[in-house]
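K.L.:
Okay, here's the structure, questions in a sec.
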Amino acid sequence: MSRRPRTVFRPLDGLLLLDKRAGVSSNQALQRVRHLFRAAKGGHTGSLDPLATGLLPICFGEATKIAGLLLGARKAYRTTAVLGVTTDTDDADGQPLREREVPTVDDAAIEAALAPLRGAIVQRAPIYSALKQGGEPLYAKARRGEAIEAPEREVMVHALDLLERQGPRLTLEVECGSGTYVRSLVRDLGESLGCGAHVEVLRRLWVDPFRAPRMYTLEQLQGIVETGGEPALDDCLLPIEAGLAEFPSVQLDAPQAVRFGRGNPAQPEAGPAGPIELVAVYEREGRVLGLGQLDAAGMVHPRRLFTWATQLPGS
């Protein structure tokens, strides 16, 4: 029996906008893509449920240094909620817990149930979630049958709108901040309507700053590498700068870029006035050097450097 050849990894920097398919975890999707690109280092920017599809930004190499920023970004989803059935996972992958009759509701009644779920709300996370309790994910405890008190936390729901109704199925669009569980929104909507509900379909549409993302499925990427080889595959990557497009930025001339790359405060030649907690720092040629903090005196202090910032001529 022949073994698959062992992947020889390579240094690779950039961002991939993956269209995750249903049925795989975010980590499984990451590992498959990482092996396809032969990227030595990779990470994703916030888990999508196995049931979910859509945008999962993948960071390779130095781009992993901004993964946390993308994780905290604003996001949008489209979901199909099924009224009348609750499950232990709050989605269709779980076991049914209770079935109730779906009342006759009109759009006005649904809007009245949606309204309290908008804005800054306190939300209880699903029992089956990646949130950790005592250093262990809640889903691991739930699978062992342990009694769990899922935590509550404040989240931001910028928009929550009904798009379509077909029998017990409601199509909703959600725009929210970091840490919001669409499964919890659907669960709470169902309880407000008196019949319970669970997520049947979930798709992430965008993540800031990628509002109109060009996404690639794993199958598309495999086809690209088979027909065009690795150079064609690498053309699917976005530069790290694309992930920082919405951050305030400052520009350094060559001597100040060297200072910044050595870990010292530097004087920008262009950019906004401080103080600003986090800015993207660029050299004149347009390449990002790292992230910094801009003080009231106009000096930018290094917070996180990309490798090439420490290797500039004159460093």
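Chain labels A, B, ... are given in the sequence in which chains occur in the structure tokens; within each chain residues are numbered consecutively from 1, and ligands are likewise numbered from 1 in the order shown.
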Residues within 8 Å of stretch 309-315 of chain A, please, as a short mmCIF file (atom, residue, chain, number, x, y, z; two decimals) with N, CA and C atoms, in the first residue's frame. Count only C-alpha atoms; anything in the same chain fewer than 2 positions from it doesn't count.
P.N.:
data_model
loop_
_atom_site.label_atom_id
_atom_site.label_comp_id
_atom_site.auth_asym_id
_atom_site.auth_seq_id
_atom_site.Cartn_x
_atom_site.Cartn_y
_atom_site.Cartn_z
N ALA A 257 11.96 54.19 9.23
CA ALA A 257 11.55 52.79 9.09
C ALA A 257 12.58 51.87 9.75
N VAL A 258 13.86 52.20 9.60
CA VAL A 258 14.91 51.41 10.24
C VAL A 258 14.79 51.51 11.76
N ARG A 259 14.55 52.73 12.26
CA ARG A 259 14.36 52.90 13.71
C ARG A 259 13.20 52.04 14.21
N PHE A 260 12.12 52.10 13.49
CA PHE A 260 10.93 51.35 13.89
C PHE A 260 11.22 49.85 13.86
N GLY A 261 11.93 49.40 12.84
CA GLY A 261 12.27 47.98 12.71
C GLY A 261 13.21 47.50 13.80
N ARG A 262 13.94 48.42 14.42
CA ARG A 262 14.82 48.06 15.55
C ARG A 262 14.07 48.08 16.88
N LEU A 289 5.04 47.54 7.69
CA LEU A 289 6.16 47.12 8.53
C LEU A 289 5.70 46.47 9.82
N GLY A 290 4.52 46.88 10.27
CA GLY A 290 4.02 46.33 11.52
C GLY A 290 2.87 47.16 12.05
N LEU A 305 5.95 43.74 14.98
CA LEU A 305 6.73 43.92 13.75
C LEU A 305 6.63 42.70 12.86
N PHE A 306 6.56 42.94 11.56
CA PHE A 306 6.70 41.85 10.61
C PHE A 306 8.20 41.60 10.39
N THR A 307 8.53 40.38 10.03
CA THR A 307 9.93 39.98 9.97
C THR A 307 10.77 40.91 9.09
#
K.L.:
Quick one: which stretch 161-206 of chain A residues come within 9 Å of stretch 81-87 of chain A, and what is the nearest atom pair for each with the distance in Å to one decimal, counting only C-alpha atoms, rows ordered by chain and ascending number, as CSV?
P.N.:
residue,atom,partner,partner_atom,distance
A:Gly167,CA,A:Leu83,CA,8.9
A:Pro168,CA,A:Leu83,CA,5.1
A:Arg169,CA,A:Val82,CA,4.6
A:Leu170,CA,A:Ala81,CA,5.1
A:Thr171,CA,A:Ala81,CA,6.4
A:Leu172,CA,A:Ala81,CA,7.5
A:Arg183,CA,A:Ala81,CA,8.9
A:Val186,CA,A:Ala81,CA,6.3
A:Arg187,CA,A:Thr86,CA,7.5
A:Gly190,CA,A:Leu83,CA,6.2
A:Leu193,CA,A:Leu83,CA,8.7
A:Gly194,CA,A:Gly84,CA,8.6
A:Cys195,CA,A:Gly84,CA,4.8
A:Gly196,CA,A:Gly84,CA,5.2
A:Ala197,CA,A:Leu83,CA,4.3
A:His198,CA,A:Val82,CA,5.5
A:Val199,CA,A:Ala81,CA,4.7
A:Glu200,CA,A:Ala81,CA,5.8
A:Val201,CA,A:Ala81,CA,7.3
A:Leu202,CA,A:Ala81,CA,8.9
K.L.:
Any chance you could export the current selection's all heavy atoms as a short mmCIF file (atom, residue, chain, number, x, y, z; two decimals), in the first residue's frame?
P.N.:
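Listed below is the output, result_26.cif:
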data_model
loop_
_atom_site.label_atom_id
_atom_site.label_comp_id
_atom_site.auth_asym_id
_atom_site.auth_seq_id
_atom_site.Cartn_x
_atom_site.Cartn_y
_atom_site.Cartn_z
N GLY A 167 -43.37 28.61 5.46
CA GLY A 167 -43.83 27.69 6.49
C GLY A 167 -43.09 27.97 7.80
O GLY A 167 -43.01 29.11 8.25
N PRO A 168 -42.51 26.92 8.42
CA PRO A 168 -41.80 27.13 9.68
C PRO A 168 -40.38 27.64 9.51
O PRO A 168 -39.66 27.80 10.49
CB PRO A 168 -41.79 25.72 10.29
CG PRO A 168 -41.73 24.81 9.11
CD PRO A 168 -42.57 25.49 8.04
N ARG A 169 -39.97 27.90 8.27
CA ARG A 169 -38.60 28.34 8.00
C ARG A 169 -38.54 29.84 7.78
O ARG A 169 -39.29 30.39 6.96
CB ARG A 169 -38.03 27.60 6.79
CG ARG A 169 -37.69 26.15 7.08
CD ARG A 169 -37.27 25.38 5.85
NE ARG A 169 -36.74 24.08 6.23
CZ ARG A 169 -37.49 23.03 6.57
NH1 ARG A 169 -38.82 23.14 6.56
NH2 ARG A 169 -36.93 21.89 6.91
N LEU A 170 -37.61 30.46 8.50
CA LEU A 170 -37.38 31.89 8.37
C LEU A 170 -35.96 32.11 7.87
O LEU A 170 -35.01 31.55 8.43
CB LEU A 170 -37.53 32.60 9.72
CG LEU A 170 -38.80 32.36 10.53
CD1 LEU A 170 -38.74 33.15 11.84
CD2 LEU A 170 -40.04 32.74 9.73
N THR A 171 -35.81 32.90 6.82
CA THR A 171 -34.48 33.28 6.35
C THR A 171 -34.14 34.65 6.93
O THR A 171 -34.87 35.61 6.74
CB THR A 171 -34.42 33.33 4.82
OG1 THR A 171 -34.76 32.05 4.29
CG2 THR A 171 -33.01 33.70 4.35
N LEU A 172 -33.04 34.68 7.67
CA LEU A 172 -32.62 35.89 8.37
C LEU A 172 -31.25 36.32 7.91
O LEU A 172 -30.42 35.49 7.52
CB LEU A 172 -32.56 35.64 9.88
CG LEU A 172 -33.82 35.09 10.55
CD1 LEU A 172 -33.49 34.64 11.97
CD2 LEU A 172 -34.93 36.13 10.56
N ARG A 183 -26.56 30.92 16.36
CA ARG A 183 -27.38 29.85 16.94
C ARG A 183 -28.14 30.34 18.16
O ARG A 183 -29.30 29.97 18.38
CB ARG A 183 -26.50 28.66 17.32
CG ARG A 183 -26.02 27.82 16.15
CD ARG A 183 -25.19 26.65 16.64
NE ARG A 183 -23.87 27.06 17.09
CZ ARG A 183 -23.16 26.41 18.01
NH1 ARG A 183 -23.68 25.34 18.61
NH2 ARG A 183 -21.96 26.82 18.35
N VAL A 186 -31.06 32.61 17.07
CA VAL A 186 -32.18 31.82 16.56
C VAL A 186 -32.89 31.11 17.71
O VAL A 186 -34.13 31.06 17.76
CB VAL A 186 -31.68 30.82 15.50
CG1 VAL A 186 -32.75 29.77 15.17
CG2 VAL A 186 -31.26 31.56 14.23
N ARG A 187 -32.14 30.55 18.63
CA ARG A 187 -32.74 29.89 19.80
C ARG A 187 -33.62 30.86 20.58
O ARG A 187 -34.77 30.55 20.93
CB ARG A 187 -31.63 29.36 20.70
CG ARG A 187 -32.09 28.71 22.00
CD ARG A 187 -30.94 28.64 22.99
NE ARG A 187 -30.52 29.97 23.43
CZ ARG A 187 -29.27 30.28 23.77
NH1 ARG A 187 -28.31 29.39 23.73
NH2 ARG A 187 -28.99 31.52 24.16
N GLY A 190 -36.82 31.79 18.73
CA GLY A 190 -37.81 30.73 18.83
C GLY A 190 -38.53 30.74 20.17
O GLY A 190 -39.75 30.54 20.25
N LEU A 193 -41.07 33.46 20.36
CA LEU A 193 -42.27 33.13 19.60
C LEU A 193 -43.06 31.99 20.24
O LEU A 193 -44.15 31.64 19.78
CB LEU A 193 -41.91 32.78 18.16
CG LEU A 193 -41.35 33.92 17.31
CD1 LEU A 193 -40.84 33.40 15.97
CD2 LEU A 193 -42.40 35.01 17.09
N GLY A 194 -42.48 31.38 21.28
CA GLY A 194 -43.18 30.35 22.04
C GLY A 194 -43.13 28.96 21.48
O GLY A 194 -43.86 28.07 21.94
N CYS A 195 -42.23 28.72 20.52
CA CYS A 195 -42.20 27.40 19.90
C CYS A 195 -40.79 26.81 19.77
O CYS A 195 -40.63 25.67 19.35
CB CYS A 195 -42.84 27.46 18.51
SG CYS A 195 -42.04 28.63 17.38
N GLY A 196 -39.78 27.60 20.12
CA GLY A 196 -38.41 27.12 19.94
C GLY A 196 -37.98 27.18 18.49
O GLY A 196 -38.80 27.33 17.58
N ALA A 197 -36.68 27.07 18.26
CA ALA A 197 -36.15 27.11 16.90
C ALA A 197 -34.70 26.63 16.91
O ALA A 197 -34.05 26.62 17.95
CB ALA A 197 -36.21 28.53 16.32
N HIS A 198 -34.21 26.25 15.74
CA HIS A 198 -32.80 25.90 15.58
C HIS A 198 -32.33 26.33 14.20
O HIS A 198 -33.14 26.59 13.30
CB HIS A 198 -32.56 24.40 15.79
CG HIS A 198 -33.14 23.53 14.72
ND1 HIS A 198 -34.45 23.08 14.75
CD2 HIS A 198 -32.61 23.03 13.57
CE1 HIS A 198 -34.69 22.33 13.68
NE2 HIS A 198 -33.59 22.30 12.95
N VAL A 199 -31.02 26.42 14.06
CA VAL A 199 -30.40 26.80 12.78
C VAL A 199 -30.33 25.58 11.87
O VAL A 199 -29.80 24.54 12.25
CB VAL A 199 -28.99 27.37 13.01
CG1 VAL A 199 -28.22 27.46 11.70
CG2 VAL A 199 -29.07 28.74 13.67
N GLU A 200 -30.86 25.72 10.67
CA GLU A 200 -30.78 24.66 9.67
C GLU A 200 -29.65 24.92 8.68
O GLU A 200 -28.92 24.00 8.28
CB GLU A 200 -32.10 24.54 8.92
CG GLU A 200 -32.12 23.41 7.89
CD GLU A 200 -33.45 23.32 7.18
OE1 GLU A 200 -33.89 24.35 6.61
OE2 GLU A 200 -34.05 22.23 7.18
N VAL A 201 -29.50 26.17 8.29
CA VAL A 201 -28.47 26.58 7.32
C VAL A 201 -27.81 27.85 7.85
O VAL A 201 -28.50 28.73 8.36
CB VAL A 201 -29.07 26.85 5.92
CG1 VAL A 201 -27.99 27.35 4.96
CG2 VAL A 201 -29.74 25.61 5.38
N LEU A 202 -26.48 27.92 7.72
CA LEU A 202 -25.75 29.12 8.15
C LEU A 202 -24.62 29.39 7.18
O LEU A 202 -23.82 28.49 6.89
CB LEU A 202 -25.19 28.95 9.57
CG LEU A 202 -24.39 30.12 10.14
CD1 LEU A 202 -25.27 31.35 10.28
CD2 LEU A 202 -23.80 29.74 11.50
#
K.L.:
Tell me, as a JSON list (two decimals) with N, CA and C atoms, in the first residue's frame, which residues lie within 7 Å of A:Ala125, counting only C-alpha atoms; anything in the same chain fewer than 5 positions away does not count.
P.N.:
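What follows is the written file result_6.json:
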[["chain", "number", "residue", "atom", "x", "y", "z"],
["A", 150, "ALA", "N", -23.79, 27.49, 30.60],
["A", 150, "ALA", "CA", -23.15, 28.27, 29.54],
["A", 150, "ALA", "C", -23.06, 29.74, 29.96],
["A", 151, "PRO", "N", -21.94, 30.38, 29.70],
["A", 151, "PRO", "CA", -21.76, 31.77, 30.13],
["A", 151, "PRO", "C", -22.61, 32.75, 29.34],
["A", 152, "GLU", "N", -22.93, 33.86, 29.97],
["A", 152, "GLU", "CA", -23.58, 34.97, 29.29],
["A", 152, "GLU", "C", -22.57, 36.09, 29.10],
["A", 181, "TYR", "N", -23.15, 34.57, 18.68],
["A", 181, "TYR", "CA", -23.56, 33.27, 18.16],
["A", 181, "TYR", "C", -24.91, 33.40, 17.47],
["A", 184, "SER", "N", -27.50, 31.16, 18.98],
["A", 184, "SER", "CA", -28.17, 31.69, 20.17],
["A", 184, "SER", "C", -29.26, 32.68, 19.79]]
K.L.:
Skipping near chain neighbours, those fewer than 6 positions away, what residues fall within 9 Å of A:Leu17 using only C-alpha atoms, listed as a PyMOL selection string?
P.N.:
chain A and resi 55-59+210+213-217+236-238
K.L.:
Using DSSP on the backbone coordinates, identify all residues within stretch 23-236 of chain A classified as helix (DSSP H, G or I); present the result as JSON, numbers by chain.
P.N.:
{"A": [26, 27, 28, 29, 30, 31, 32, 33, 34, 35, 36, 37, 61, 62, 63, 64, 65, 66, 67, 68, 69, 70, 71, 107, 108, 109, 110, 111, 112, 113, 114, 115, 116, 117, 138, 139, 140, 141, 142, 143, 182, 183, 184, 185, 186, 187, 188, 189, 190, 191, 192, 218, 219, 220, 221, 222, 223, 224, 225, 226, 227, 228, 229, 230, 231, 232, 233, 234]}
K.L.:
Neighbours of A:Leu233 within 7 Å (only C-alpha atoms; same-chain residues fewer than 4 positions away dropped), as number ranges by chain?
P.N.:
A: 221, 224-225, 229
K.L.:
Using Å and a single decimal, report how far atom CA of A:Asp208 sits from atom CA of A:Ala73.
P.N.:
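Those two atoms sit 5.5 Å apart.
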K.L.:
Looking at A:Glu226, A:Asp161, A:Glu154, A:Asp93, which one is nearest to A:Thr180, with distances taken over only C-alpha atoms?
P.N.:
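So, comparing all the options, the nearest one is A:Glu154.
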